[in-house]
>>> print(open('upload.tsv').read())   # TSV, C-alpha atoms
chain	number	residue	atom	x	y	z
A	1	MET	CA	110.90	-46.04	-86.54
A	2	ASN	CA	113.82	-44.36	-84.83
A	3	SER	CA	111.62	-41.78	-83.11
A	4	THR	CA	109.33	-44.52	-81.79
A	5	PHE	CA	112.32	-46.52	-80.57
A	6	ASN	CA	113.82	-43.52	-78.82
A	7	PHE	CA	110.52	-42.67	-77.15
A	8	ARG	CA	110.15	-46.18	-75.79
A	9	GLN	CA	113.71	-46.04	-74.57
A	10	LEU	CA	112.78	-42.97	-72.56
A	11	LEU	CA	109.70	-44.56	-70.95
A	12	PRO	CA	111.53	-46.19	-68.00
A	13	ALA	CA	113.20	-42.88	-67.19
A	14	LEU	CA	109.89	-41.04	-67.53
A	15	LYS	CA	108.18	-43.46	-65.16
A	16	TRP	CA	111.05	-43.08	-62.70
A	17	ILE	CA	110.84	-39.27	-62.85
A	18	ILE	CA	107.07	-39.32	-62.28
A	19	SER	CA	107.49	-41.73	-59.36
A	20	VAL	CA	110.11	-39.50	-57.74
A	21	LEU	CA	107.94	-36.42	-58.27
A	22	VAL	CA	104.89	-38.04	-56.67
A	23	ILE	CA	106.77	-39.33	-53.63
A	24	ALA	CA	108.75	-36.10	-53.18
A	25	TYR	CA	105.62	-33.99	-53.49
A	26	VAL	CA	103.68	-36.06	-50.96
A	27	MET	CA	106.54	-35.97	-48.44
A	28	CYS	CA	107.28	-32.26	-48.88
A	29	GLU	CA	103.62	-31.29	-48.71
A	30	PHE	CA	102.99	-33.37	-45.62
A	31	VAL	CA	106.04	-32.08	-43.70
A	32	HIS	CA	105.60	-28.49	-44.86
A	33	ARG	CA	101.96	-28.21	-43.85
A	34	PHE	CA	102.41	-29.71	-40.41
A	35	GLN	CA	105.51	-27.63	-39.63
A	36	SER	CA	104.18	-24.35	-41.04
A	37	ASN	CA	101.05	-24.59	-38.91
A	38	SER	CA	103.00	-25.62	-35.80
A	39	ILE	CA	100.69	-28.59	-35.27
A	40	HIS	CA	101.67	-30.93	-32.49
A	41	LEU	CA	99.66	-34.00	-31.61
A	42	GLU	CA	99.21	-35.37	-28.15
A	43	PHE	CA	98.63	-38.98	-29.12
A	44	ALA	CA	97.73	-39.98	-25.58
A	45	LYS	CA	94.39	-38.19	-25.77
A	46	PHE	CA	93.36	-40.39	-28.72
A	47	ALA	CA	94.13	-43.62	-26.84
A	48	HIS	CA	90.56	-44.59	-25.96
A	49	ILE	CA	87.91	-46.79	-27.50
A	50	GLU	CA	85.86	-43.98	-29.06
A	51	SER	CA	88.87	-42.66	-30.99
A	52	TYR	CA	89.74	-46.15	-32.18
A	53	VAL	CA	86.19	-46.68	-33.42
A	54	LEU	CA	86.10	-43.30	-35.17
A	55	PHE	CA	89.43	-43.86	-36.87
A	56	PHE	CA	88.45	-47.35	-37.98
A	57	LEU	CA	85.19	-45.94	-39.34
A	58	PHE	CA	87.16	-43.25	-41.17
A	59	LEU	CA	89.37	-45.91	-42.82
A	60	LEU	CA	86.36	-48.08	-43.65
A	61	VAL	CA	84.51	-45.22	-45.34
A	62	GLY	CA	87.73	-44.35	-47.20
A	63	PHE	CA	87.90	-47.90	-48.52
A	64	PHE	CA	84.31	-47.67	-49.78
A	65	ASN	CA	85.13	-44.28	-51.30
A	66	ILE	CA	87.86	-45.84	-53.45
A	67	LEU	CA	85.60	-48.81	-54.17
A	68	ILE	CA	82.74	-46.62	-55.39
A	69	GLU	CA	85.10	-44.65	-57.65
A	70	ALA	CA	86.40	-47.94	-59.08
A	71	ILE	CA	82.87	-49.27	-59.65
A	72	LYS	CA	81.98	-45.97	-61.31
A	73	TRP	CA	84.97	-46.27	-63.67
A	74	LYS	CA	84.09	-49.92	-64.40
A	75	PHE	CA	80.54	-48.79	-65.18
A	76	LEU	CA	81.80	-46.01	-67.47
A	77	VAL	CA	83.98	-48.25	-69.63
A	78	LYS	CA	81.60	-51.24	-69.61
A	79	PRO	CA	79.97	-50.39	-73.01
A	80	PHE	CA	83.40	-50.64	-74.68
A	81	GLU	CA	85.66	-52.78	-72.51
A	82	LYS	CA	85.13	-55.32	-69.76
A	83	ILE	CA	87.54	-54.78	-66.87
A	84	THR	CA	87.73	-56.44	-63.48
A	85	LEU	CA	87.17	-54.60	-60.24
A	86	LEU	CA	90.88	-54.93	-59.44
A	87	GLU	CA	91.77	-53.35	-62.78
A	88	ALA	CA	89.32	-50.54	-62.07
A	89	ILE	CA	90.89	-49.96	-58.65
A	90	SER	CA	94.38	-49.87	-60.20
A	91	SER	CA	93.11	-47.30	-62.72
A	92	VAL	CA	91.82	-45.12	-59.88
A	93	PHE	CA	95.19	-45.34	-58.11
A	94	VAL	CA	97.17	-44.51	-61.25
A	95	GLY	CA	94.80	-41.63	-61.95
A	96	LEU	CA	95.54	-40.22	-58.51
A	97	SER	CA	99.29	-40.68	-59.05
A	98	LEU	CA	99.27	-38.49	-62.15
A	99	ALA	CA	96.57	-36.13	-60.87
A	100	ILE	CA	98.54	-35.15	-57.80
A	101	ILE	CA	101.40	-33.67	-59.88
A	102	SER	CA	99.34	-32.12	-62.68
A	103	PRO	CA	97.53	-28.75	-62.87
A	104	GLY	CA	93.83	-28.98	-62.19
A	105	ARG	CA	94.29	-32.73	-61.55
A	106	ILE	CA	93.99	-33.38	-65.30
A	107	GLY	CA	96.45	-36.23	-64.93
A	108	ASP	CA	93.59	-38.30	-63.53
A	109	PHE	CA	92.09	-38.52	-67.04
A	110	VAL	CA	95.37	-39.76	-68.51
A	111	GLY	CA	96.11	-42.12	-65.63
A	112	LYS	CA	92.81	-43.93	-66.00
A	113	ALA	CA	92.94	-43.97	-69.79
A	114	ILE	CA	96.39	-45.57	-70.13
A	115	GLN	CA	95.23	-48.54	-68.05
A	116	LEU	CA	92.70	-49.53	-70.71
A	117	LYS	CA	93.61	-52.23	-73.23
A	118	GLN	CA	90.90	-52.12	-75.91
A	119	ILE	CA	90.15	-48.38	-75.94
A	120	ASN	CA	92.77	-45.94	-77.16
A	121	SER	CA	93.98	-43.34	-74.69
A	122	SER	CA	92.23	-40.35	-76.28
A	123	LYS	CA	88.84	-42.07	-76.05
A	124	GLY	CA	89.63	-43.20	-72.52
A	125	ILE	CA	90.35	-39.58	-71.56
A	126	VAL	CA	86.96	-38.53	-72.96
A	127	ILE	CA	85.23	-41.27	-70.92
A	128	ALA	CA	87.05	-40.10	-67.80
A	129	LEU	CA	85.95	-36.57	-68.63
A	130	LEU	CA	82.32	-37.69	-68.50
A	131	GLY	CA	82.87	-39.15	-65.04
A	132	HIS	CA	84.48	-35.94	-63.81
A	133	ALA	CA	81.68	-33.86	-65.30
A	134	ALA	CA	79.17	-35.81	-63.22
A	135	GLN	CA	81.30	-35.34	-60.08
A	136	TYR	CA	81.62	-31.60	-60.70
A	137	ILE	CA	77.86	-31.25	-61.13
A	138	VAL	CA	77.23	-32.91	-57.77
A	139	ILE	CA	79.77	-30.71	-55.99
A	140	LEU	CA	78.48	-27.55	-57.71
A	141	LEU	CA	74.80	-28.15	-56.98
A	142	LEU	CA	75.23	-29.16	-53.34
A	143	GLY	CA	77.93	-26.54	-52.82
A	144	THR	CA	75.77	-23.66	-54.06
A	145	ILE	CA	72.97	-24.69	-51.70
A	146	ALA	CA	75.46	-24.72	-48.83
A	147	MET	CA	76.88	-21.33	-49.89
A	148	GLY	CA	73.40	-19.87	-49.90
A	149	LEU	CA	72.74	-21.17	-46.40
A	150	PHE	CA	76.16	-20.07	-45.15
A	151	TYR	CA	75.69	-16.50	-46.36
A	152	THR	CA	71.97	-16.54	-45.42
A	153	ILE	CA	70.69	-15.81	-48.92
A	154	PRO	CA	66.87	-15.62	-48.95
A	155	ILE	CA	65.41	-19.08	-49.50
A	156	GLY	CA	63.30	-17.95	-52.46
A	157	LEU	CA	66.29	-16.51	-54.30
A	158	LEU	CA	68.41	-19.54	-53.46
A	159	LEU	CA	65.71	-21.87	-54.77
A	160	VAL	CA	65.47	-19.98	-58.08
A	161	LEU	CA	69.27	-20.02	-58.46
A	162	GLU	CA	69.46	-23.73	-57.67
A	163	ILE	CA	66.72	-24.65	-60.14
A	164	PHE	CA	68.47	-22.62	-62.83
A	165	LEU	CA	71.81	-24.30	-62.11
A	166	LEU	CA	70.17	-27.73	-62.00
A	167	ILE	CA	68.54	-27.28	-65.42
A	168	LEU	CA	71.70	-25.79	-66.92
A	169	CYS	CA	74.05	-28.45	-65.57
A	170	LEU	CA	71.84	-31.41	-66.44
A	171	THR	CA	71.17	-30.07	-69.92
A	172	LEU	CA	74.88	-29.63	-70.62
A	173	TYR	CA	75.62	-33.02	-69.10
A	174	ILE	CA	72.97	-34.94	-71.00
A	175	LYS	CA	73.66	-33.04	-74.23
A	176	LEU	CA	77.44	-33.18	-73.79
A	177	PRO	CA	78.01	-34.91	-77.17
A	178	VAL	CA	76.08	-32.14	-78.96
A	179	PHE	CA	78.00	-29.43	-77.12
A	180	LEU	CA	81.39	-31.03	-77.77
A	181	GLY	CA	80.38	-31.79	-81.36
A	182	SER	CA	79.87	-28.09	-82.00
A	183	LEU	CA	83.55	-27.58	-81.19
A	184	SER	CA	84.46	-29.46	-84.34
A	185	ARG	CA	84.04	-26.18	-86.21
A	186	PHE	CA	87.36	-25.15	-84.70
A	187	LYS	CA	90.46	-26.69	-86.26
A	188	LEU	CA	91.97	-27.40	-82.86
A	189	PHE	CA	89.18	-29.89	-82.05
A	190	VAL	CA	88.75	-31.54	-85.46
A	191	LYS	CA	91.34	-34.24	-84.79
A	192	PHE	CA	89.62	-35.12	-81.50
A	193	GLN	CA	86.17	-35.49	-83.05
A	194	ASP	CA	86.42	-39.27	-83.40
A	195	SER	CA	87.27	-39.61	-79.72
A	196	LEU	CA	84.51	-37.21	-78.66
A	197	ASN	CA	81.95	-39.23	-80.61
A	198	ILE	CA	82.29	-42.02	-78.06
A	199	LEU	CA	80.00	-40.04	-75.73
A	200	GLU	CA	77.08	-40.58	-78.13
A	201	PHE	CA	76.95	-44.25	-77.09
A	202	TYR	CA	75.90	-43.38	-73.53
A	203	THR	CA	72.17	-43.39	-72.82
A	204	VAL	CA	70.40	-41.03	-70.43
A	205	GLN	CA	70.00	-43.95	-68.01
A	206	GLN	CA	73.74	-44.64	-68.06
A	207	LYS	CA	74.59	-40.99	-67.50
A	208	THR	CA	72.11	-40.93	-64.63
A	209	GLY	CA	73.88	-43.95	-63.15
A	210	VAL	CA	77.21	-42.10	-63.33
A	211	LEU	CA	75.61	-39.16	-61.52
A	212	LEU	CA	74.33	-41.44	-58.76
A	213	TYR	CA	77.75	-43.03	-58.29
A	214	SER	CA	79.24	-39.53	-58.13
A	215	LEU	CA	76.71	-38.46	-55.53
A	216	LEU	CA	77.40	-41.52	-53.38
A	217	LYS	CA	81.14	-40.98	-53.59
A	218	TYR	CA	80.77	-37.32	-52.64
A	219	LEU	CA	78.56	-38.08	-49.63
A	220	LEU	CA	81.05	-40.69	-48.42
A	221	PHE	CA	83.86	-38.15	-48.75
A	222	VAL	CA	81.87	-35.60	-46.76
A	223	PHE	CA	81.06	-38.20	-44.11
A	224	GLN	CA	84.77	-39.00	-43.80
A	225	PHE	CA	85.53	-35.36	-43.12
A	226	TYR	CA	82.75	-35.21	-40.53
A	227	ILE	CA	84.17	-38.30	-38.79
A	228	LEU	CA	87.63	-36.72	-38.63
A	229	LEU	CA	86.25	-33.52	-37.13
A	230	HIS	CA	84.81	-35.58	-34.30
A	231	PHE	CA	87.99	-37.62	-34.03
A	232	PHE	CA	89.99	-34.44	-33.40
A	233	GLY	CA	87.37	-33.09	-30.99
A	234	VAL	CA	86.00	-30.29	-33.18
A	235	SER	CA	82.63	-29.44	-31.71
A	236	ILE	CA	80.37	-28.52	-34.61
A	237	GLY	CA	76.72	-29.44	-35.06
A	238	PHE	CA	75.88	-31.79	-37.91
A	239	ASN	CA	74.05	-29.20	-40.03
A	240	ASN	CA	76.77	-26.57	-39.68
A	241	ALA	CA	79.50	-29.13	-40.36
A	242	ILE	CA	77.81	-30.30	-43.57
A	243	ILE	CA	77.31	-26.72	-44.75
A	244	GLY	CA	80.95	-25.88	-44.03
A	245	ILE	CA	82.28	-29.02	-45.74
A	246	PHE	CA	80.07	-28.54	-48.82
A	247	CYS	CA	81.26	-24.92	-49.12
A	248	ALA	CA	84.91	-25.89	-48.70
A	249	TYR	CA	84.66	-28.53	-51.43
A	250	LEU	CA	82.99	-26.05	-53.78
A	251	VAL	CA	85.89	-23.63	-53.31
A	252	GLN	CA	88.37	-26.45	-53.96
A	253	LEU	CA	86.52	-27.18	-57.20
A	254	LEU	CA	86.44	-23.58	-58.41
A	255	VAL	CA	89.89	-22.39	-57.31
A	256	PRO	CA	92.64	-23.74	-59.59
A	257	SER	CA	95.50	-25.32	-57.68
A	258	PHE	CA	98.80	-26.97	-58.54
A	259	LEU	CA	101.29	-28.95	-56.50
A	260	LEU	CA	102.15	-27.14	-53.26
A	261	LEU	CA	99.11	-24.89	-53.59
A	262	GLU	CA	96.55	-27.71	-53.48
A	263	LEU	CA	96.68	-28.65	-49.82
A	264	GLY	CA	97.01	-24.98	-48.90
A	265	VAL	CA	93.75	-24.24	-50.72
A	266	ARG	CA	92.08	-27.18	-48.99
A	267	GLY	CA	93.23	-26.00	-45.58
A	268	ALA	CA	92.30	-22.35	-46.17
A	269	ALA	CA	88.82	-23.25	-47.42
A	270	ALA	CA	88.18	-25.59	-44.49
A	271	VAL	CA	89.38	-23.02	-41.95
A	272	TYR	CA	87.28	-20.23	-43.47
A	273	PHE	CA	83.99	-22.10	-43.56
A	274	LEU	CA	84.29	-24.53	-40.64
A	275	GLY	CA	86.13	-21.91	-38.59
A	276	ALA	CA	82.94	-19.86	-38.65
A	277	PHE	CA	81.36	-22.51	-36.41
A	278	SER	CA	84.36	-23.50	-34.28
A	279	ALA	CA	87.55	-21.94	-32.93
A	280	ALA	CA	89.42	-25.26	-33.14
A	281	ILE	CA	91.49	-24.17	-36.15
A	282	PRO	CA	94.49	-26.54	-35.63
A	283	GLU	CA	92.12	-29.49	-35.34
A	284	ILE	CA	90.24	-28.46	-38.51
A	285	LEU	CA	93.56	-28.30	-40.35
A	286	LEU	CA	94.55	-31.69	-38.99
A	287	ALA	CA	91.30	-33.20	-40.24
A	288	THR	CA	91.88	-31.63	-43.67
A	289	TYR	CA	95.46	-32.86	-43.93
A	290	LEU	CA	94.68	-36.37	-42.70
A	291	LEU	CA	91.80	-36.65	-45.17
A	292	TRP	CA	94.12	-35.62	-48.01
A	293	THR	CA	96.82	-38.02	-46.80
A	294	PHE	CA	94.61	-41.12	-46.72
A	295	ASN	CA	92.30	-40.34	-49.65
A	296	ILE	CA	94.77	-38.85	-52.12
A	297	ALA	CA	98.43	-39.00	-51.09
A	298	LEU	CA	98.68	-42.66	-50.03
A	299	PRO	CA	96.57	-43.99	-52.96
A	300	ALA	CA	98.73	-41.87	-55.29
A	301	VAL	CA	101.88	-43.49	-53.94
A	302	LEU	CA	100.27	-46.96	-54.22
A	303	GLY	CA	99.29	-46.09	-57.77
A	304	LEU	CA	102.94	-45.85	-58.73
A	305	TYR	CA	103.16	-49.64	-58.49
A	306	PHE	CA	100.46	-50.11	-61.12
A	307	PHE	CA	101.83	-47.21	-63.19
A	308	ASN	CA	105.32	-48.69	-63.39
A	309	LYS	CA	103.91	-52.16	-64.00
A	310	LYS	CA	101.94	-50.94	-67.02
A	311	SER	CA	103.62	-51.09	-70.41
A	312	ILE	CA	102.65	-47.95	-72.31
>>> encode(input="upload.tsv", output="structure tokens")
Amino acid sequence: MNSTFNFRQLLPALKWIISVLVIAYVMCEFVHRFQSNSIHLEFAKFAHIESYVLFFLFLLVGFFNILIEAIKWKFLVKPFEKITLLEAISSVFVGLSLAIISPGRIGDFVGKAIQLKQINSSKGIVIALLGHAAQYIVILLLGTIAMGLFYTIPIGLLLVLEIFLLILCLTLYIKLPVFLGSLSRFKLFVKFQDSLNILEFYTVQQKTGVLLYSLLKYLLFVFQFYILLHFFGVSIGFNNAIIGIFCAYLVQLLVPSFLLLELGVRGAAAVYFLGAFSAAIPEILLATYLLWTFNIALPAVLGLYFFNKKSI
């Protein structure tokens, strides 16, 4: 009883520490990146109707990006718990709050799970894992195609590689309960077996739906980046821009990052791939940083409201 009481006594302090970490990280990252790259904006050149339209479109697509992620989370938990769209949006925000200060963004699993009322946190984390698995598959499959085109790999070889990856990824995704169930042979995973079993309740149709939501979210994210490139006057053809963005996102997926390294990895990947098609490096970095600011940093800060409001 005493240990439980002491832990709950520490919760307000823990929430305060996490809030400070998130806000401090966002502010330090934002200032550091802009100063280290000596980026200076001439706001006057954006003061025309086309820029206003592009920026409004960027914000609108960003709103739908968050909305699709919330609908996807609502769809994922629907077999076990009915949540409102507002609750789903708050879960997305809290997930981003914890993800931004955790290695490999694993805090997103926890952030979404602790918002649930009828499902325990461990099962909620497993459900979130399924959603991330679908997102990773989309990024991996489209990213490898883009990599092949970027490095001019022969189409035949690229097609064979893509078919192999497609079969492998979809098999692992559909058979995820079987794969995770085999881990029960190891003592470390035995105590999680009950939580892992929750994946067996998902049908192929439901998993396909999660994949489609993940694809839509990813395409919206890519479109946002493309809009920002035009907003900052980066002259890149549509095909080359899409190839470069797909490649950059694949690198972000595969390269582990933590705290101050994350935005650096994003910027380096964008410069490497998009810089192959344009010499406007400062503008590419600006697009990368602004995308991160509006899609991750600001929602993460907003998520602190829901995180502190939640009684754990």
>>> atom_distance(input="upload.tsv", atom1="CA of His230 (chain A)", atom2="CA of Leu142 (chain A)")
22.3 Å
>>> closest_residue(input="upload.tsv", among="A:Ser278, A:Ser102, A:Leu159, A:Lys112", to="Ser90 (chain A)", atoms="all atoms listed in the file")
A:Lys112
>>> closest_residue(input="upload.tsv", among="A:Leu229, A:Ala297, A:Ile242, A:Phe277", to="Met147 (chain A)", atoms="all atoms listed in the file")
A:Ile242
>>> closest_residue(input="upload.tsv", among="A:Phe231, A:Phe93, A:Phe164, A:Phe179", to="Leu304 (chain A)", atoms="all atoms listed in the file")
A:Phe93
>>> residues_around(input="upload.tsv", residues="Phe80 (chain A)", least_positions_apart="3", cutoff="8 Å", atoms="all atoms listed in the file", output="PyMOL selection string")
chain A and resi 77+118-119
>>> residues_around(input="upload.tsv", residues="Leu176 (chain A)", least_positions_apart="2", cutoff="12 Å", atoms="only C-alpha atoms", output="MDAnalysis selection string")
chainID A and resid 126:127 129:131 133:134 168:174 178:183 196:204 207
>>> decode(input="upload.tsv", residues="region 145-168 of chain A", atoms="N, CA and C atoms", output="short mmCIF file (atom, residue, chain, number, x, y, z; two decimals), in the first residue's frame")
data_model
loop_
_atom_site.label_atom_id
_atom_site.label_comp_id
_atom_site.auth_asym_id
_atom_site.auth_seq_id
_atom_site.Cartn_x
_atom_site.Cartn_y
_atom_site.Cartn_z
N ILE A 145 11.16 1.69 -53.21
CA ILE A 145 10.93 2.02 -54.63
C ILE A 145 11.65 3.32 -54.97
N ALA A 146 11.49 4.32 -54.11
CA ALA A 146 12.14 5.61 -54.34
C ALA A 146 13.65 5.49 -54.33
N MET A 147 14.19 4.69 -53.41
CA MET A 147 15.64 4.48 -53.35
C MET A 147 16.14 3.85 -54.64
N GLY A 148 15.39 2.88 -55.14
CA GLY A 148 15.79 2.23 -56.39
C GLY A 148 15.81 3.21 -57.55
N LEU A 149 14.83 4.10 -57.60
CA LEU A 149 14.78 5.10 -58.67
C LEU A 149 15.87 6.15 -58.47
N PHE A 150 16.13 6.52 -57.23
CA PHE A 150 17.15 7.53 -56.95
C PHE A 150 18.53 7.05 -57.37
N TYR A 151 18.84 5.80 -57.05
CA TYR A 151 20.16 5.24 -57.39
C TYR A 151 20.15 4.48 -58.71
N THR A 152 19.08 4.68 -59.48
CA THR A 152 18.94 4.10 -60.83
C THR A 152 19.23 2.60 -60.85
N ILE A 153 18.65 1.86 -59.94
CA ILE A 153 18.73 0.40 -59.95
C ILE A 153 17.89 -0.10 -61.11
N PRO A 154 18.36 -1.10 -61.86
CA PRO A 154 17.58 -1.64 -62.97
C PRO A 154 16.15 -1.99 -62.55
N ILE A 155 15.19 -1.63 -63.38
CA ILE A 155 13.79 -1.80 -63.04
C ILE A 155 13.45 -3.25 -62.70
N GLY A 156 14.01 -4.18 -63.45
CA GLY A 156 13.73 -5.60 -63.21
C GLY A 156 14.15 -6.03 -61.82
N LEU A 157 15.37 -5.63 -61.42
CA LEU A 157 15.89 -5.97 -60.10
C LEU A 157 15.07 -5.29 -59.01
N LEU A 158 14.70 -4.04 -59.25
CA LEU A 158 13.91 -3.29 -58.29
C LEU A 158 12.53 -3.93 -58.10
N LEU A 159 11.95 -4.39 -59.19
CA LEU A 159 10.64 -5.03 -59.13
C LEU A 159 10.70 -6.33 -58.32
N VAL A 160 11.74 -7.12 -58.54
CA VAL A 160 11.91 -8.38 -57.80
C VAL A 160 12.07 -8.09 -56.31
N LEU A 161 12.91 -7.10 -55.99
CA LEU A 161 13.15 -6.72 -54.59
C LEU A 161 11.86 -6.24 -53.94
N GLU A 162 11.09 -5.44 -54.66
CA GLU A 162 9.86 -4.88 -54.10
C GLU A 162 8.82 -5.96 -53.86
N ILE A 163 8.70 -6.89 -54.78
CA ILE A 163 7.75 -8.00 -54.61
C ILE A 163 8.13 -8.84 -53.40
N PHE A 164 9.44 -9.09 -53.25
CA PHE A 164 9.92 -9.86 -52.10
C PHE A 164 9.59 -9.14 -50.80
N LEU A 165 9.89 -7.83 -50.75
CA LEU A 165 9.60 -7.06 -49.54
C LEU A 165 8.11 -7.00 -49.26
N LEU A 166 7.31 -6.86 -50.31
CA LEU A 166 5.86 -6.79 -50.15
C LEU A 166 5.32 -8.07 -49.53
N ILE A 167 5.74 -9.20 -50.06
CA ILE A 167 5.29 -10.50 -49.54
C ILE A 167 5.76 -10.69 -48.10
N LEU A 168 7.03 -10.36 -47.84
CA LEU A 168 7.59 -10.53 -46.50
C LEU A 168 6.88 -9.65 -45.48
#
